[in-house]
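**Student:** Have a peek at target35.txt (compact mmCIF, C-alpha atoms).
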```txt
# COMPACT_ATOMS: atom_id res chain seq x y z
CA MET A 1 -2.56 17.40 -28.15
CA ALA A 2 -0.04 19.23 -26.00
CA PHE A 3 2.20 17.26 -23.65
CA PRO A 4 3.52 18.87 -20.47
CA PHE A 5 7.08 17.65 -21.13
CA ARG A 6 8.96 17.38 -24.36
CA ALA A 7 10.95 14.29 -25.28
CA ASP A 8 14.03 16.29 -26.21
CA ARG A 9 14.35 17.79 -22.70
CA PRO A 10 15.18 16.01 -19.46
CA THR A 11 12.40 15.49 -16.94
CA PRO A 12 12.41 18.27 -14.30
CA LYS A 13 13.94 17.36 -10.94
CA TYR A 14 10.74 17.98 -8.97
CA ILE A 15 8.83 15.54 -11.20
CA GLN A 16 11.53 12.92 -10.66
CA TYR A 17 11.32 13.57 -6.90
CA LEU A 18 7.53 13.16 -6.91
CA GLY A 19 7.87 9.95 -8.90
CA LYS A 20 10.14 8.54 -6.22
CA MET A 21 8.27 9.79 -3.13
CA LEU A 22 4.56 9.55 -3.99
CA PRO A 23 4.21 5.74 -4.15
CA GLY A 24 5.58 5.34 -0.61
CA ALA A 25 3.52 8.26 0.69
CA ILE A 26 0.34 6.85 -0.83
CA PHE A 27 1.14 3.43 0.62
CA ALA A 28 1.63 4.97 4.09
CA MET A 29 -1.65 6.89 3.82
CA LEU A 30 -3.43 3.66 2.84
CA VAL A 31 -2.03 1.91 5.94
CA VAL A 32 -3.16 4.74 8.23
CA TYR A 33 -6.59 4.81 6.60
CA CYS A 34 -7.05 1.05 6.93
CA LEU A 35 -5.93 0.89 10.57
CA ARG A 36 -7.78 3.95 11.88
CA ASN A 37 -10.69 1.99 13.38
CA VAL A 38 -8.80 -0.94 14.88
CA THR A 39 -9.67 -1.47 18.54
CA PRO A 40 -7.09 -3.68 20.24
CA LEU A 41 -9.36 -4.15 23.29
CA ALA A 42 -12.31 -5.67 21.37
CA TYR A 43 -12.61 -9.21 19.98
CA SER A 44 -10.09 -10.10 17.30
CA TYR A 45 -7.79 -7.57 19.01
CA GLY A 46 -6.52 -6.26 15.70
CA LEU A 47 -5.02 -9.64 14.78
CA PRO A 48 -6.48 -9.85 11.24
CA GLU A 49 -5.16 -6.38 10.51
CA LEU A 50 -1.75 -7.15 12.00
CA ILE A 51 -1.44 -10.41 10.06
CA ALA A 52 -2.56 -8.73 6.81
CA VAL A 53 -0.05 -5.89 7.29
CA ALA A 54 2.72 -8.45 7.88
CA VAL A 55 1.71 -10.36 4.73
CA THR A 56 1.66 -7.11 2.75
CA ILE A 57 5.14 -6.17 3.98
CA LEU A 58 6.53 -9.63 3.25
CA LEU A 59 5.04 -9.66 -0.25
CA HIS A 60 6.43 -6.22 -0.96
CA VAL A 61 9.91 -7.13 0.27
CA TRP A 62 9.77 -10.33 -1.78
CA LYS A 63 8.38 -9.04 -5.10
CA ARG A 64 8.74 -5.21 -4.93
CA GLN A 65 5.39 -4.84 -6.72
CA MET A 66 3.06 -2.47 -4.90
CA LEU A 67 -0.15 -3.62 -6.57
CA PHE A 68 0.71 -7.27 -5.86
CA SER A 69 1.47 -6.42 -2.22
CA ILE A 70 -1.77 -4.50 -1.70
CA ALA A 71 -3.85 -7.19 -3.41
CA GLY A 72 -2.18 -9.98 -1.43
CA GLY A 73 -2.68 -8.18 1.88
CA THR A 74 -6.30 -7.41 1.04
CA ILE A 75 -7.03 -11.01 0.09
CA CYS A 76 -5.33 -12.23 3.27
CA TYR A 77 -7.36 -9.82 5.39
CA MET A 78 -10.65 -10.75 3.75
CA LEU A 79 -9.97 -14.47 4.20
CA LEU A 80 -9.07 -13.96 7.86
CA VAL A 81 -12.16 -11.88 8.55
CA GLN A 82 -14.56 -14.15 6.67
CA LEU A 83 -13.19 -17.58 7.63
CA VAL A 84 -11.07 -17.35 10.78
CA PHE A 85 -12.19 -14.43 12.94
CA VAL A 86 -15.94 -14.86 12.57
```
How does this structure look as structure tokens?
**Tutor:**
Amino acid sequence: MAFPFRADRPTPKYIQYLGKMLPGAIFAMLVVYCLRNVTPLAYSYGLPELIAVAVTILLHVWKRQMLFSIAGGTICYMLLVQLVFV
């Protein structure tokens, strides 16, 4: 099996750059995708989404684990939508 990079050579700079930039870019695209249909003039006024985004940001600042942040924000949103903003 051929590997794209050999262990005896350093990782190319553009691969290092992509490794640093892609997680944040994917996270930003996920936020835009999730908030694209929010209507602030209809009932719930975007409050579940706003609260879930705030929880996601706080979890990410606290733990610095992207999967944990996304899961926590998703769980928060689902609980708000199913139990609070019915």
**Student:** Of the candidates A:Leu18, A:Ile26, A:Leu67, A:Cys76, which one gets nearest to A:Val55 if we count all atoms listed in the file?
**Tutor:** A:Cys76
**Student:** So that I can see what lies close to A:Phe68, please list as a short mmCIF file (atom, residue, chain, number, x, y, z; two decimals) with C-alpha atoms, keeping the file's coordinate frame the residues with an atom at most 9 Å from it, counting all atoms listed in the file and leaving out residues fewer than 5 positions away in the same chain.
**Tutor:**
```
data_model
loop_
_atom_site.label_atom_id
_atom_site.label_comp_id
_atom_site.auth_asym_id
_atom_site.auth_seq_id
_atom_site.Cartn_x
_atom_site.Cartn_y
_atom_site.Cartn_z
CA THR A 56 1.66 -7.11 2.75
CA LEU A 59 5.04 -9.66 -0.25
CA HIS A 60 6.43 -6.22 -0.96
CA LYS A 63 8.38 -9.04 -5.10
CA GLY A 73 -2.68 -8.18 1.88
#
```
**Student:** Can you work out which one of A:Ala54, A:Val84, A:Arg9, A:Tyr14 has the shortest atom-to-atom distance to A:Ser69, counting all atoms listed in the file?
**Tutor:**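 Of A:Ala54, A:Val84, A:Arg9, A:Tyr14, the one nearest A:Ser69 is A:Ala54, counting all atoms listed in the file.
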**Student:** Please compute the atom CA of A:Cys34-atom CA of A:Glu49 distance, one decimal, in Å.
**Tutor:**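 Going from atom CA of A:Cys34 over to atom CA of A:Glu49 covers 8.5 Å.
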**Student:** Identify which of the residues A:Thr11, A:Ser44, A:Gln16, A:Gln65 lies closest to A:Val81, counting only C-alpha atoms when measuring atom-to-atom distances.
**Tutor:** A:Ser44
**Student:** Which of these residues is nearest to A:Leu79, using only C-alpha atoms: A:Ala42, A:Met66, A:Pro48, A:Val61?
**Tutor:**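 Smallest distance to A:Leu79 is found for A:Pro48.
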**Student:** Report the distance between atom CA of A:Ala25 and atom CA of A:Arg64 in Å, rounded to one decimal place.
**Tutor:** 15.5 Å
**Student:** Kindly provide, as a VMD selection string, the polymer residues lying within 10 Å of (-4.7, -1.7, 3.4), counting only C-alpha atoms and using the coordinates exactly as they appear in the file.
**Tutor:** chain A and resid 27 to 35 49 52 to 53 56 69 to 74 77
**Student:** Can you tell me how far atom CA of A:Phe85 sits from atom CA of A:Leu50, in Å to one decimal?
**Tutor:**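 Answer for the atom CA of A:Phe85 to atom CA of A:Leu50 separation: 12.8 Å.
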**Student:** Using all atoms listed in the file for the distances, tell me which of A:Arg6, A:Lys13, A:Tyr43, A:Trp62 is nearest to A:Val86.
**Tutor:**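 So, comparing all the options, the nearest one is A:Tyr43.
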**Student:** As a short mmCIF file (atom, residue, chain, number, x, y, z; two decimals), in the coordinates of the input, please: stretch 59-74 of chain A completed to N, CA and C atoms.
**Tutor:**
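result-v5.cif, freshly written:
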```
data_model
loop_
_atom_site.label_atom_id
_atom_site.label_comp_id
_atom_site.auth_asym_id
_atom_site.auth_seq_id
_atom_site.Cartn_x
_atom_site.Cartn_y
_atom_site.Cartn_z
N LEU A 59 5.21 -9.61 1.21
CA LEU A 59 5.04 -9.66 -0.25
C LEU A 59 5.78 -8.54 -0.94
N HIS A 60 5.74 -7.35 -0.33
CA HIS A 60 6.43 -6.22 -0.96
C HIS A 60 7.94 -6.39 -0.92
N VAL A 61 8.47 -6.89 0.19
CA VAL A 61 9.91 -7.13 0.27
C VAL A 61 10.33 -8.21 -0.71
N TRP A 62 9.45 -9.22 -0.89
CA TRP A 62 9.77 -10.33 -1.78
C TRP A 62 9.70 -9.94 -3.25
N LYS A 63 8.61 -9.31 -3.67
CA LYS A 63 8.38 -9.04 -5.10
C LYS A 63 8.64 -7.59 -5.53
N ARG A 64 8.57 -6.65 -4.60
CA ARG A 64 8.74 -5.21 -4.93
C ARG A 64 7.71 -4.73 -5.95
N GLN A 65 6.49 -5.25 -5.86
CA GLN A 65 5.39 -4.84 -6.72
C GLN A 65 4.26 -4.35 -5.82
N MET A 66 4.01 -3.05 -5.83
CA MET A 66 3.06 -2.47 -4.90
C MET A 66 1.65 -3.01 -5.09
N LEU A 67 1.20 -3.12 -6.32
CA LEU A 67 -0.15 -3.62 -6.57
C LEU A 67 -0.30 -5.06 -6.09
N PHE A 68 0.71 -5.88 -6.33
CA PHE A 68 0.71 -7.27 -5.86
C PHE A 68 0.66 -7.32 -4.34
N SER A 69 1.43 -6.46 -3.69
CA SER A 69 1.47 -6.42 -2.22
C SER A 69 0.12 -6.02 -1.64
N ILE A 70 -0.47 -4.98 -2.19
CA ILE A 70 -1.77 -4.50 -1.70
C ILE A 70 -2.85 -5.56 -1.94
N ALA A 71 -2.85 -6.16 -3.11
CA ALA A 71 -3.85 -7.19 -3.41
C ALA A 71 -3.67 -8.40 -2.50
N GLY A 72 -2.45 -8.83 -2.29
CA GLY A 72 -2.18 -9.98 -1.43
C GLY A 72 -2.60 -9.72 0.01
N GLY A 73 -2.28 -8.53 0.53
CA GLY A 73 -2.68 -8.18 1.88
C GLY A 73 -4.18 -8.07 2.03
N THR A 74 -4.84 -7.53 1.01
CA THR A 74 -6.30 -7.41 1.04
C THR A 74 -6.96 -8.78 1.02
#
```
